[in-house]
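Here is query_11.txt, consisting of compact mmCIF, C-alpha atoms:
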# COMPACT_ATOMS: atom_id res chain seq x y z
CA MET A 571 -29.97 -83.25 -93.05
CA GLN A 572 -29.66 -87.02 -92.63
CA ASN A 573 -27.71 -86.48 -89.38
CA SER A 574 -30.42 -84.14 -87.98
CA LEU A 575 -33.13 -86.61 -88.90
CA THR A 576 -31.27 -89.45 -87.12
CA GLN A 577 -30.85 -87.31 -84.00
CA LEU A 578 -34.56 -86.43 -84.03
CA CYS A 579 -35.51 -90.11 -84.37
CA ASN A 580 -33.22 -91.04 -81.47
CA LEU A 581 -34.72 -88.29 -79.34
CA LEU A 582 -38.29 -89.40 -80.12
CA SER A 583 -37.38 -93.03 -79.36
CA ALA A 584 -35.89 -92.04 -75.99
CA LEU A 585 -38.95 -89.95 -75.11
CA SER A 586 -41.36 -92.73 -76.02
CA LEU A 587 -39.31 -95.23 -74.00
CA PHE A 588 -39.30 -92.86 -71.00
CA ALA A 589 -43.07 -92.29 -71.33
CA GLY A 590 -43.65 -96.04 -71.54
CA LEU A 591 -41.55 -96.76 -68.46
CA SER A 592 -43.13 -94.01 -66.39
CA ALA A 593 -46.58 -95.46 -67.04
CA CYS A 594 -45.65 -98.82 -65.49
CA ALA A 595 -47.27 -99.71 -62.19
CA PRO A 596 -44.95 -99.80 -59.18
CA LEU A 597 -43.44 -103.16 -58.44
CA ARG A 598 -44.07 -104.45 -54.90
CA LEU A 599 -42.04 -107.25 -53.45
CA GLN A 600 -43.50 -109.15 -50.52
CA SER A 601 -42.32 -112.07 -48.50
CA PRO A 602 -44.37 -114.24 -46.10
CA GLU A 603 -41.39 -114.28 -43.73
CA PRO A 604 -39.35 -111.24 -42.70
CA LEU A 605 -36.13 -110.83 -44.64
CA LEU A 606 -33.11 -111.23 -42.38
CA PHE A 607 -29.73 -109.77 -43.21
CA ASP A 608 -26.48 -110.60 -41.50
CA VAL A 609 -24.62 -107.32 -41.19
CA ASP A 610 -21.14 -107.06 -39.73
CA LEU A 611 -20.43 -103.43 -38.97
CA ASP A 612 -17.40 -101.81 -37.40
CA THR A 613 -17.72 -98.25 -36.16
CA GLU A 614 -15.12 -95.79 -35.12
CA ILE A 615 -16.15 -92.66 -33.29
CA ARG A 616 -13.78 -89.77 -33.47
CA SER A 617 -14.02 -86.68 -31.36
CA PRO A 618 -12.17 -83.40 -31.52
CA PRO A 619 -8.98 -83.11 -29.48
CA LEU A 620 -9.60 -82.82 -25.77
CA GLN A 621 -9.37 -79.20 -24.82
CA SER A 622 -11.54 -76.59 -23.23
CA ARG A 623 -13.62 -74.17 -25.24
CA THR A 624 -10.92 -71.58 -24.75
CA GLY A 625 -8.16 -73.98 -25.80
CA SER A 626 -6.72 -74.26 -22.29
CA SER A 627 -4.16 -76.95 -21.56
CA ALA A 628 -4.60 -79.64 -18.90
CA GLY A 629 -2.44 -77.61 -16.51
CA ASP A 630 -4.60 -74.53 -17.03
CA LEU A 631 -7.73 -76.57 -16.37
CA GLN A 632 -6.27 -77.90 -13.12
CA GLN A 633 -5.38 -74.37 -12.03
CA LYS A 634 -8.92 -73.19 -12.80
CA ARG A 635 -10.36 -76.16 -10.90
CA ARG A 636 -8.19 -75.30 -7.89
CA ALA A 637 -9.29 -71.66 -8.08
CA ARG A 638 -12.94 -72.77 -8.21
CA MET A 639 -12.55 -75.30 -5.38
CA GLY A 640 -13.59 -72.87 -2.63
CA GLU A 641 -16.73 -71.85 -4.51
CA VAL A 642 -17.65 -75.50 -5.18
CA GLN A 643 -17.10 -76.40 -1.52
CA ALA A 644 -19.22 -73.46 -0.33
CA LEU A 645 -22.08 -74.59 -2.59
CA LYS A 646 -21.72 -78.13 -1.25
CA ASN A 647 -21.72 -76.86 2.34
CA ASP A 648 -24.92 -74.89 1.63
CA ARG A 649 -26.52 -78.11 0.24
CA VAL A 650 -27.12 -76.39 -3.12
CA ILE A 651 -25.09 -78.91 -5.17
CA GLY A 652 -24.08 -82.51 -4.72
CA GLU A 653 -21.90 -85.23 -6.19
CA THR A 654 -23.69 -87.48 -8.68
CA ARG A 655 -23.09 -91.19 -9.00
CA ASN A 656 -21.38 -90.62 -12.36
CA GLY A 657 -18.78 -88.14 -11.17
CA TYR A 658 -20.33 -84.77 -11.93
CA LEU A 659 -21.85 -81.99 -9.86
CA GLN A 660 -25.57 -81.37 -9.96
CA ILE A 661 -27.78 -78.65 -8.57
CA VAL A 662 -29.97 -80.31 -5.96
CA THR A 663 -31.60 -77.29 -4.31
CA GLU A 664 -32.22 -74.52 -6.83
CA PRO A 665 -31.68 -71.05 -5.37
CA LYS A 666 -34.66 -68.69 -5.65
CA GLU A 667 -32.65 -65.55 -6.47
CA ALA A 668 -31.94 -65.36 -10.24
CA GLY A 669 -28.45 -63.87 -9.91
CA TYR A 670 -27.36 -66.53 -7.44
CA LEU A 671 -28.91 -69.28 -9.58
CA SER A 672 -26.97 -68.00 -12.59
CA TYR A 673 -23.76 -68.03 -10.55
CA VAL A 674 -24.43 -71.62 -9.40
CA HIS A 675 -25.10 -72.75 -12.98
CA ARG A 676 -21.85 -71.11 -14.15
CA ILE A 677 -19.78 -72.80 -11.44
CA VAL A 678 -21.37 -76.24 -11.97
CA GLU A 679 -21.03 -76.06 -15.76
CA ALA A 680 -17.38 -74.98 -15.58
CA GLU A 681 -16.51 -77.71 -13.06
CA ASN A 682 -18.39 -80.40 -14.97
CA ARG A 683 -16.68 -79.40 -18.23
CA ALA A 684 -13.27 -79.66 -16.55
CA ARG A 685 -14.23 -83.03 -15.04
CA TYR A 686 -15.40 -84.30 -18.43
CA LEU A 687 -12.03 -83.38 -19.96
CA LEU A 688 -10.24 -85.08 -17.06
CA TYR A 689 -12.34 -88.24 -17.43
CA ALA A 690 -11.91 -88.35 -21.21
CA SER A 691 -8.16 -87.98 -20.83
CA GLU A 692 -8.04 -90.71 -18.16
CA SER A 693 -10.25 -92.94 -20.31
CA LYS A 694 -7.90 -92.60 -23.24
CA LYS A 695 -4.81 -93.12 -21.08
CA LEU A 696 -6.20 -96.22 -19.33
CA GLY A 697 -7.96 -97.69 -22.37
CA GLU A 698 -11.24 -97.73 -20.41
CA SER A 699 -14.68 -96.56 -21.48
CA LEU A 700 -15.66 -93.01 -20.56
CA SER A 701 -18.65 -94.25 -18.57
CA GLY A 702 -16.39 -96.61 -16.62
CA VAL A 703 -14.04 -93.77 -15.67
CA GLU A 704 -17.02 -91.52 -14.78
CA THR A 705 -18.40 -94.22 -12.48
CA LEU A 706 -14.99 -94.75 -10.88
CA TYR A 707 -14.56 -91.03 -10.19
CA GLY A 708 -18.18 -90.75 -9.07
CA LYS A 709 -17.55 -93.31 -6.34
CA ARG A 710 -14.32 -91.55 -5.42
CA TRP A 711 -15.97 -88.10 -5.15
CA ARG A 712 -18.82 -89.50 -3.06
CA ASP A 713 -16.44 -91.44 -0.80
CA ASP A 714 -14.35 -88.29 -0.31
CA ALA A 715 -17.38 -86.09 0.45
CA PHE A 716 -17.48 -84.51 3.87
CA PRO A 717 -20.26 -85.46 6.29
CA GLY A 718 -23.38 -83.44 5.51
CA GLU A 719 -22.62 -83.00 1.79
CA LEU A 720 -25.23 -84.22 -0.66
CA VAL A 721 -24.36 -87.38 -2.57
CA GLN A 722 -26.42 -89.30 -5.07
CA LYS A 723 -27.27 -92.89 -4.26
CA SER A 724 -27.14 -95.63 -6.89
CA ASP A 725 -30.93 -95.40 -7.35
CA GLY A 726 -30.65 -91.69 -8.23
CA SER A 727 -32.02 -90.33 -4.94
CA TRP A 728 -30.06 -87.88 -2.80
CA ARG A 729 -28.91 -88.15 0.80
CA GLU A 730 -26.56 -86.34 3.13
CA LYS A 731 -23.22 -88.06 3.61
CA GLU A 732 -23.07 -89.41 7.14
CA GLU A 733 -19.54 -90.71 7.54
CA PRO A 734 -16.31 -90.16 5.68
CA GLY A 735 -15.70 -92.89 3.08
CA GLU A 736 -13.19 -95.63 3.65
CA GLY A 737 -9.83 -94.78 2.11
CA SER A 738 -10.78 -91.15 1.90
CA SER A 739 -8.05 -89.00 0.42
CA ARG A 740 -9.03 -85.90 2.43
In structure tokens, how does this file's structure come out?
Amino acid sequence: MQNSLTQLCNLLSALSLFAGLSACAPLRLQSPEPLLFDVDLDTEIRSPPLQSRTGSSAGDLQQKRRARMGEVQALKNDRVIGETRNGYLQIVTEPKEAGYLSYVHRIVEAENRARYLLYASESKKLGESLSGVETLYGKRWRDDAFPGELVQKSDGSWREKEEPGEGSSR
């Protein structure tokens, strides 16, 4: 009985303490000057292994890029797509026919995915930032564009390539 009475007293004491604390007004801290904190933070960003959605190897991706090359070139020749300043393809003139537009989107997405994997691999191999490798390849693709193909200028506008680039690999 004594043990039960002690437990009941402890319980009532805890409840009264809790009730007393919950009735307290919130405490607000203010400072006339902003509080400054010196934070030294290191971040490490990890990404999944570089592979295509289907798990294709780098060699498979290159083969698929080669197989798609004729379709990409035909779309460039028709002035439907162009080379961006950051190394990817972009639809510049959207086709009106839904089926053709879907086809163009599929080709551009597949090629840009393959290019992203290429750039990420090169970035890792060279110890360069991804954006640096994208910019490097973007210049290369634009320099290698044939006359008449659409290329993006550094200000984001589009123009037709007039002359082959210096040091063109084609």
Dump as a tab-separated table the rows for residues of region 627-652 of chain A within 10 Å of region 720-735 of chain A: closest atom pair and distance in Å with one decimal, only C-alpha atoms counted, ordered by chain and rising residue number.
residue	atom	partner	partner_atom	distance
A:Lys646	CA	A:Leu720	CA	7.1
A:Asn647	CA	A:Leu720	CA	8.7
A:Asp648	CA	A:Leu720	CA	9.6
A:Arg649	CA	A:Leu720	CA	6.3
A:Val650	CA	A:Leu720	CA	8.4
A:Ile651	CA	A:Leu720	CA	7.0
A:Gly652	CA	A:Leu720	CA	4.6
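Of the residues under consideration (A:Gln643, A:Ser691, A:Asn656, A:Ser601), A:Asn656 shows the shortest atom-to-atom contact distance to Gly708 (chain A) when counting all atoms listed in the file.
Reported to one decimal place, the separation of CA of Ala668 (chain A) from CA of Arg685 (chain A) is 25.5 Å.
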### Summary
In Å and to one decimal, CA of Asn682 (chain A) is distant from CA of Tyr658 (chain A) by 5.7 Å
### Message
When you count only C-alpha atoms, which of these residues is closest to Leu631 (chain A): A:Val609, A:Leu671, A:Ala680, A:Leu706?
### Response
A:Ala680
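CA of Arg638 (chain A) to CA of Ser672 (chain A) spans 15.5 Å [interatomic distance, one decimal].
With only C-alpha atoms as the atoms that count, the minimum distance from His675 (chain A) to the choices A:Leu659, A:Glu719, A:Val703, A:Ala690 is reached by A:Leu659.
Between Arg635 (chain A) and the candidates A:Asp713, A:Thr705, A:Glu679, A:Ser699, the tightest atom-to-atom separation, counting all atoms listed in the file, involves A:Glu679.
With only C-alpha atoms as the atoms that count, the minimum distance from Tyr670 (chain A) to the choices A:Leu696, A:Gln600, A:Arg710, A:Leu645 is reached by A:Leu645.
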